[in-house]
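Here's target-v4.cif, which has mmCIF, C-alpha atoms:
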```cif
data_final
loop_
_atom_site.label_atom_id
_atom_site.label_comp_id
_atom_site.auth_asym_id
_atom_site.auth_seq_id
_atom_site.Cartn_x
_atom_site.Cartn_y
_atom_site.Cartn_z
CA MET O 1 70.52 99.79 81.90
CA ASN O 2 69.86 101.99 84.94
CA TYR O 3 73.13 101.18 86.72
CA ASN O 4 76.80 101.90 86.18
CA PHE O 5 78.11 98.66 87.69
CA ILE O 6 76.14 95.40 87.87
CA SER O 7 77.42 92.16 89.38
CA ILE O 8 75.77 88.91 88.35
CA GLU O 9 76.32 86.29 91.04
CA GLY O 10 75.14 82.79 91.85
CA ASN O 11 76.23 79.31 92.79
CA ILE O 12 78.44 77.07 90.65
CA GLY O 13 76.49 76.34 87.47
CA ALA O 14 73.85 79.04 87.95
CA GLY O 15 74.52 80.64 84.56
CA LYS O 16 76.07 83.92 85.69
CA THR O 17 78.78 83.96 83.03
CA SER O 18 76.35 83.18 80.21
CA LEU O 19 73.97 85.91 81.31
CA SER O 20 76.75 88.46 81.78
CA LYS O 21 78.07 87.81 78.28
CA MET O 22 74.62 88.14 76.73
CA ILE O 23 73.83 91.40 78.50
CA ALA O 24 77.24 92.88 77.72
CA LYS O 25 76.79 92.12 74.03
CA ASP O 26 73.22 93.39 73.76
CA TYR O 27 73.63 96.51 75.91
CA ASN O 28 77.17 97.57 74.93
CA ALA O 29 78.57 96.99 78.41
CA LYS O 30 82.14 96.51 79.53
CA LEU O 31 82.42 92.86 80.54
CA ILE O 32 84.49 91.51 83.43
CA LEU O 33 84.72 87.71 83.59
CA GLU O 34 86.36 85.75 86.36
CA GLN O 35 89.59 84.14 85.17
CA PHE O 36 89.29 80.98 87.21
CA GLU O 37 90.31 78.37 84.66
CA ASP O 38 93.96 79.43 85.00
CA ASN O 39 93.99 78.55 88.70
CA ALA O 40 96.26 75.53 89.12
CA PHE O 41 94.92 74.83 92.62
CA LEU O 42 91.31 74.27 91.55
CA PRO O 43 91.53 70.68 90.24
CA LYS O 44 93.71 69.78 93.24
CA PHE O 45 91.18 71.31 95.64
CA TYR O 46 88.30 69.20 94.35
CA LYS O 47 90.41 66.07 94.94
CA GLU O 48 91.95 67.08 98.30
CA PRO O 49 89.95 70.02 99.71
CA ASP O 50 91.52 70.07 103.16
CA LYS O 51 95.03 70.27 101.75
CA TYR O 52 94.46 72.85 99.03
CA ALA O 53 91.64 75.05 100.37
CA PHE O 54 93.83 77.83 101.77
CA PRO O 55 96.18 78.29 98.79
CA LEU O 56 93.17 78.08 96.46
CA GLU O 57 91.20 80.77 98.27
CA MET O 58 94.22 83.05 98.64
CA SER O 59 95.08 82.77 94.96
CA PHE O 60 91.46 83.49 93.99
CA LEU O 61 91.37 86.50 96.28
CA ALA O 62 94.55 87.94 94.79
CA SER O 63 93.48 87.43 91.19
CA ARG O 64 89.93 88.71 91.74
CA PHE O 65 91.15 91.83 93.52
CA GLN O 66 93.74 92.62 90.86
CA GLN O 67 91.29 92.12 88.03
CA LEU O 68 88.50 94.18 89.58
CA LYS O 69 90.87 96.95 90.65
CA ASP O 70 92.33 97.19 87.16
CA GLN O 71 89.07 96.85 85.23
CA LEU O 72 86.89 99.09 87.41
CA GLY O 73 89.58 101.75 87.56
CA ASP O 74 89.95 101.82 83.77
CA ARG O 75 86.68 103.24 82.49
CA ASP O 76 85.78 102.56 78.86
CA LEU O 77 84.19 105.70 77.42
CA PHE O 78 82.64 103.70 74.59
CA LYS O 79 80.69 101.40 76.92
CA THR O 80 77.45 102.36 78.67
CA PHE O 81 78.10 100.50 81.95
CA THR O 82 80.12 97.64 83.46
CA ILE O 83 78.87 94.13 84.18
CA SER O 84 80.81 91.36 85.92
CA ASP O 85 80.05 87.69 86.52
CA TYR O 86 81.29 87.90 90.12
CA TYR O 87 81.77 90.23 93.06
CA ILE O 88 84.74 90.16 95.43
CA ILE O 89 82.51 88.98 98.31
CA LYS O 90 82.46 85.62 96.53
CA SER O 91 85.94 85.05 97.90
CA LEU O 92 84.82 85.38 101.52
CA ILE O 93 81.72 83.23 100.96
CA PHE O 94 83.69 80.34 99.50
CA ALA O 95 86.48 80.68 102.05
CA GLY O 96 83.94 80.60 104.86
CA LYS O 97 82.76 77.20 103.68
CA THR O 98 86.14 75.66 102.86
CA LEU O 99 88.70 76.93 105.40
CA ALA O 100 89.41 75.80 108.94
CA SER O 101 88.67 78.40 111.61
CA ASP O 102 92.29 79.47 112.15
CA GLU O 103 92.86 79.78 108.40
CA LEU O 104 89.64 81.76 108.01
CA LYS O 105 90.72 84.29 110.65
CA LEU O 106 93.94 84.96 108.77
CA TYR O 107 92.14 85.03 105.43
CA ASN O 108 89.55 87.48 106.73
CA ARG O 109 92.27 89.96 107.71
CA PHE O 110 93.52 90.05 104.14
CA PHE O 111 90.00 90.20 102.76
CA GLN O 112 88.95 93.22 104.81
CA ILE O 113 91.94 95.20 103.55
CA ILE O 114 91.16 94.31 99.95
CA HIS O 115 87.40 94.73 100.17
CA SER O 116 87.64 98.32 101.37
CA GLN O 117 89.52 99.31 98.21
CA LEU O 118 86.86 98.19 95.72
CA PRO O 119 83.53 99.85 94.85
CA LYS O 120 80.28 98.05 95.55
CA PRO O 121 78.09 97.23 92.56
CA ASP O 122 75.10 99.50 92.01
CA LEU O 123 73.02 96.33 91.64
CA PHE O 124 73.89 92.88 92.96
CA VAL O 125 71.96 90.24 91.00
CA PHE O 126 71.81 86.72 92.41
CA LEU O 127 70.63 83.87 90.16
CA TYR O 128 68.91 81.35 92.39
CA VAL O 129 68.96 77.79 91.07
CA ASP O 130 68.19 74.74 93.19
CA THR O 131 70.77 72.02 93.73
CA PRO O 132 69.43 69.37 91.30
CA ARG O 133 69.45 71.84 88.42
CA LEU O 134 72.88 73.14 89.40
CA GLN O 135 74.15 69.58 89.14
CA GLN O 136 72.52 69.21 85.72
CA ASN O 137 74.21 72.38 84.52
CA ILE O 138 77.57 71.30 85.94
CA LYS O 139 77.34 67.95 84.18
CA LYS O 140 76.25 69.60 80.95
CA ARG O 141 79.20 71.97 80.71
CA GLY O 142 81.55 69.10 81.41
CA ARG O 143 84.49 70.60 83.26
CA PRO O 144 86.34 67.49 84.49
CA TYR O 145 87.36 68.91 87.87
CA GLU O 146 83.73 69.84 88.69
CA GLN O 147 82.11 66.49 88.06
CA ASP O 148 82.53 65.21 91.63
CA ILE O 149 81.13 68.30 93.38
CA GLN O 150 78.79 67.11 96.12
CA ASN O 151 75.30 68.48 96.82
CA GLU O 152 76.39 69.35 100.35
CA TYR O 153 79.10 71.66 99.05
CA LEU O 154 76.69 73.46 96.70
CA GLU O 155 74.20 73.89 99.53
CA LYS O 156 76.90 75.36 101.79
CA ILE O 157 77.81 77.89 99.11
CA GLN O 158 74.16 78.76 98.57
CA SER O 159 73.64 79.37 102.28
CA GLY O 160 76.76 81.53 102.35
CA TYR O 161 75.33 83.81 99.68
CA PHE O 162 72.03 84.13 101.50
CA ASP O 163 73.81 84.99 104.75
CA PHE O 164 75.75 87.70 102.92
CA MET O 165 72.65 89.17 101.30
CA LYS O 166 70.78 89.15 104.60
CA HIS O 167 73.55 91.16 106.26
CA GLN O 168 73.92 93.56 103.33
CA GLN O 169 70.25 94.38 102.77
CA GLN O 170 70.66 97.79 104.44
CA GLU O 171 73.71 98.62 102.31
CA MET O 172 73.11 97.35 98.77
CA ARG O 173 70.51 96.95 96.05
CA ILE O 174 70.08 93.17 95.86
CA LEU O 175 67.95 91.41 93.25
CA ILE O 176 67.31 87.68 93.67
CA LEU O 177 66.04 86.02 90.49
CA ASP O 178 64.61 82.51 90.75
CA THR O 179 65.58 81.10 87.34
CA ASN O 180 64.74 77.44 87.96
CA HIS O 181 62.01 77.50 85.32
CA LEU O 182 63.83 79.63 82.76
CA ASP O 183 66.21 78.84 79.93
CA PHE O 184 67.46 82.32 79.15
CA VAL O 185 70.33 81.04 77.00
CA HIS O 186 68.05 79.40 74.41
CA ASN O 187 64.71 81.14 74.94
CA PRO O 188 64.67 84.84 73.95
CA ASN O 189 61.44 85.44 75.87
CA HIS O 190 63.00 84.15 79.08
CA TYR O 191 66.06 86.30 78.49
CA LYS O 192 63.87 89.37 77.98
CA LEU O 193 62.05 88.64 81.24
CA ILE O 194 65.37 88.76 83.05
CA THR O 195 66.74 91.87 81.34
CA ASP O 196 63.47 93.75 81.83
CA THR O 197 63.55 92.84 85.51
CA ILE O 198 67.17 93.90 85.94
CA ASN O 199 66.45 97.17 84.15
CA ASN O 200 63.93 98.29 86.77
CA GLU O 201 65.01 100.83 89.36
CA TYR O 202 65.42 99.38 92.86
CA ASP O 203 65.88 100.88 96.28
CA VAL O 204 68.46 99.57 98.73
CA GLY O 205 67.30 96.22 100.11
CA ILE O 206 66.47 92.70 98.91
CA HIS O 207 64.06 92.28 96.01
CA ARG O 208 62.94 88.76 95.05
CA VAL O 209 61.42 87.79 91.70
CA MET O 210 60.10 84.35 90.74
CA PHE O 211 59.36 83.58 87.11
#
```

Mind turning the file's structure into structure tokens?
Amino acid sequence: MNYNFISIEGNIGAGKTSLSKMIAKDYNAKLILEQFEDNAFLPKFYKEPDKYAFPLEMSFLASRFQQLKDQLGDRDLFKTFTISDYYIIKSLIFAGKTLASDELKLYNRFFQIIHSQLPKPDLFVFLYVDTPRLQQNIKKRGRPYEQDIQNEYLEKIQSGYFDFMKHQQQEMRILILDTNHLDFVHNPNHYKLITDTINNEYDVGIHRVMF
């Protein structure tokens, strides 16, 4: 790969973890996976979002920062590059859609301190999947606490990512991949399309690819 640090991002159910694992295995990359299943607030949040949004987002922010700081600071000489299935900005995007305005102001103060201490990815890859297919993927993987996620929530998260990318297009290399018609997990040709696309060299800005 042409980059030292690649972040694979996307909405809930977009396939970012699956793709990150596949690329890490095939390209001898150091893999960083979000450790979200240990978060005790997540099932509670999906049942009572107003009550548990702030502790959920703060706990995610703390764990993501610690993991990225540790993993990115500890270079593996036997790996060719690093790939993660999230970027720290995910915390601010989700918080912006779940927190009340006063909570978000406080949260943002913590986030700005943390964000400045982490490197940006050399390439930010966003897997775009429309809401109906996201829901299919969510149902298919069967996590109990995700089964009641509403379309409106997924659309809010999607719009949050696009707002972020719009504001960062002068600062980052951003690659948006429309994967609605691909099954890269089970179809090797689809997977190769994605890896070949990621492996191109990109200038700073937003680059969109539809398959």

Can you list what the PyMOL selection byres ((chain O and resi 104) around 12) grabs from this structure, as an mmCIF file with C-alpha atoms, keeping the file's coordinate frame?
```
data_model
loop_
_atom_site.group_PDB
_atom_site.id
_atom_site.type_symbol
_atom_site.label_atom_id
_atom_site.label_comp_id
_atom_site.auth_asym_id
_atom_site.auth_seq_id
_atom_site.Cartn_x
_atom_site.Cartn_y
_atom_site.Cartn_z
ATOM 1 C CA ALA O 53 91.640 75.050 100.370
ATOM 2 C CA PHE O 54 93.830 77.830 101.770
ATOM 3 C CA PRO O 55 96.180 78.290 98.790
ATOM 4 C CA GLU O 57 91.200 80.770 98.270
ATOM 5 C CA MET O 58 94.220 83.050 98.640
ATOM 6 C CA SER O 91 85.940 85.050 97.900
ATOM 7 C CA LEU O 92 84.820 85.380 101.520
ATOM 8 C CA ILE O 93 81.720 83.230 100.960
ATOM 9 C CA PHE O 94 83.690 80.340 99.500
ATOM 10 C CA ALA O 95 86.480 80.680 102.050
ATOM 11 C CA GLY O 96 83.940 80.600 104.860
ATOM 12 C CA LYS O 97 82.760 77.200 103.680
ATOM 13 C CA THR O 98 86.140 75.660 102.860
ATOM 14 C CA LEU O 99 88.700 76.930 105.400
ATOM 15 C CA ALA O 100 89.410 75.800 108.940
ATOM 16 C CA SER O 101 88.670 78.400 111.610
ATOM 17 C CA ASP O 102 92.290 79.470 112.150
ATOM 18 C CA GLU O 103 92.860 79.780 108.400
ATOM 19 C CA LYS O 105 90.720 84.290 110.650
ATOM 20 C CA LEU O 106 93.940 84.960 108.770
ATOM 21 C CA TYR O 107 92.140 85.030 105.430
ATOM 22 C CA ASN O 108 89.550 87.480 106.730
ATOM 23 C CA ARG O 109 92.270 89.960 107.710
ATOM 24 C CA PHE O 110 93.520 90.050 104.140
ATOM 25 C CA PHE O 111 90.000 90.200 102.760
ATOM 26 C CA GLN O 112 88.950 93.220 104.810
#
```

Please write as a VMD selection string the full residue list that the PyMOL selection byres ((chain O and resi 39-49) around 8) yields on this file.
chain O and resid 35 to 38 50 to 53 55 to 56 59 to 60 98 145 to 146 148 to 149

Rounded to one decimal, what separation in Å do you get between CA of Leu68 in chain O and CA of Ile176 in chain O?
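Distance reported for this atom pair: 22.5 Å.
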
Which residues are close to Lys79 in chain O, i.e. within 7 Å by all atoms listed in the file, leaving aside same-chain residues fewer than 6 positions away? Reply as an MDAnalysis selection string.
chainID O and resid 28:30

Determine the residue membership of the PyMOL selection byres ((chain O and resi 23) around 12) for the file above and supply it as JSON, numbers by chain.
{"O": [1, 6, 7, 8, 16, 17, 18, 19, 20, 21, 22, 24, 25, 26, 27, 28, 29, 30, 31, 32, 80, 81, 82, 83, 84, 85, 184, 185, 191, 192, 194, 195, 196, 198, 199]}

Skipping near chain neighbours, those fewer than 3 positions away, what residues fall within 12 Å of Arg141 in chain O using only C-alpha atoms, listed as a ChimeraX atom specification?
/O:12-15,18,134-138,144-147

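Atom to atom, CA of Gln168 in chain O and CA of Ser116 in chain O stand 14.7 Å apart.
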
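Atom pair CA of Leu175 in chain O / CA of Asp76 in chain O: separated by 25.5 Å.
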
At the level of C-alpha atoms, write range 112-183 of chain O to a file as a tab-separated table (two decimals), in the first residue's frame, please.
```
chain	number	residue	atom	x	y	z
O	112	GLN	CA	-10.17	19.13	20.93
O	113	ILE	CA	-7.50	18.39	23.54
O	114	ILE	CA	-7.42	14.73	22.58
O	115	HIS	CA	-7.63	15.22	18.83
O	116	SER	CA	-4.54	17.42	18.71
O	117	GLN	CA	-2.42	14.62	20.18
O	118	LEU	CA	-3.14	12.03	17.49
O	119	PRO	CA	-1.80	11.83	13.92
O	120	LYS	CA	-4.18	12.09	10.99
O	121	PRO	CA	-4.41	9.09	8.69
O	122	ASP	CA	-2.53	9.37	5.39
O	123	LEU	CA	-5.72	8.16	3.71
O	124	PHE	CA	-9.25	8.36	5.11
O	125	VAL	CA	-11.46	5.78	3.37
O	126	PHE	CA	-15.22	6.09	3.78
O	127	LEU	CA	-17.43	3.15	2.79
O	128	TYR	CA	-20.71	4.60	1.58
O	129	VAL	CA	-23.69	2.27	1.98
O	130	ASP	CA	-27.30	3.42	1.77
O	131	THR	CA	-29.66	3.02	4.71
O	132	PRO	CA	-31.67	-0.03	3.52
O	133	ARG	CA	-28.49	-2.05	2.99
O	134	LEU	CA	-27.05	-0.87	6.29
O	135	GLN	CA	-30.15	-2.23	7.98
O	136	GLN	CA	-29.76	-5.53	6.13
O	137	ASN	CA	-26.17	-5.81	7.30
O	138	ILE	CA	-27.11	-4.91	10.88
O	139	LYS	CA	-29.81	-7.58	10.93
O	140	LYS	CA	-27.47	-10.13	9.37
O	141	ARG	CA	-24.73	-9.77	11.97
O	142	GLY	CA	-27.31	-10.05	14.72
O	143	ARG	CA	-26.00	-7.96	17.59
O	144	PRO	CA	-29.03	-7.80	19.91
O	145	TYR	CA	-28.52	-4.19	21.01
O	146	GLU	CA	-28.40	-2.98	17.38
O	147	GLN	CA	-31.62	-4.51	16.15
O	148	ASP	CA	-33.80	-1.51	17.01
O	149	ILE	CA	-31.59	1.15	15.39
O	150	GLN	CA	-33.84	3.50	13.45
O	151	ASN	CA	-33.26	4.72	9.89
O	152	GLU	CA	-33.29	8.31	11.14
O	153	TYR	CA	-30.33	7.63	13.43
O	154	LEU	CA	-28.30	6.03	10.63
O	155	GLU	CA	-29.07	8.96	8.35
O	156	LYS	CA	-27.94	11.44	11.01
O	157	ILE	CA	-24.64	9.60	11.38
O	158	GLN	CA	-24.19	9.49	7.61
O	159	SER	CA	-24.76	13.23	7.33
O	160	GLY	CA	-22.28	13.82	10.14
O	161	TYR	CA	-19.56	12.01	8.23
O	162	PHE	CA	-20.26	13.98	5.08
O	163	ASP	CA	-20.13	17.26	7.00
O	164	PHE	CA	-16.76	16.24	8.43
O	165	MET	CA	-15.35	15.26	5.04
O	166	LYS	CA	-16.58	18.48	3.46
O	167	HIS	CA	-14.76	20.55	6.08
O	168	GLN	CA	-11.59	18.45	5.91
O	169	GLN	CA	-11.19	18.31	2.13
O	170	GLN	CA	-8.38	20.90	2.25
O	171	GLU	CA	-6.53	18.99	4.98
O	172	MET	CA	-6.81	15.26	4.25
O	173	ARG	CA	-6.78	12.66	1.51
O	174	ILE	CA	-10.36	11.37	1.55
O	175	LEU	CA	-11.58	8.45	-0.56
O	176	ILE	CA	-15.32	7.76	-0.68
O	177	LEU	CA	-16.16	4.29	-1.99
O	178	ASP	CA	-19.76	3.55	-2.95
O	179	THR	CA	-19.97	-0.16	-2.09
O	180	ASN	CA	-23.73	-0.62	-2.41
O	181	HIS	CA	-23.31	-3.01	-5.33
O	182	LEU	CA	-20.30	-4.89	-4.01
O	183	ASP	CA	-19.88	-7.93	-1.79
```
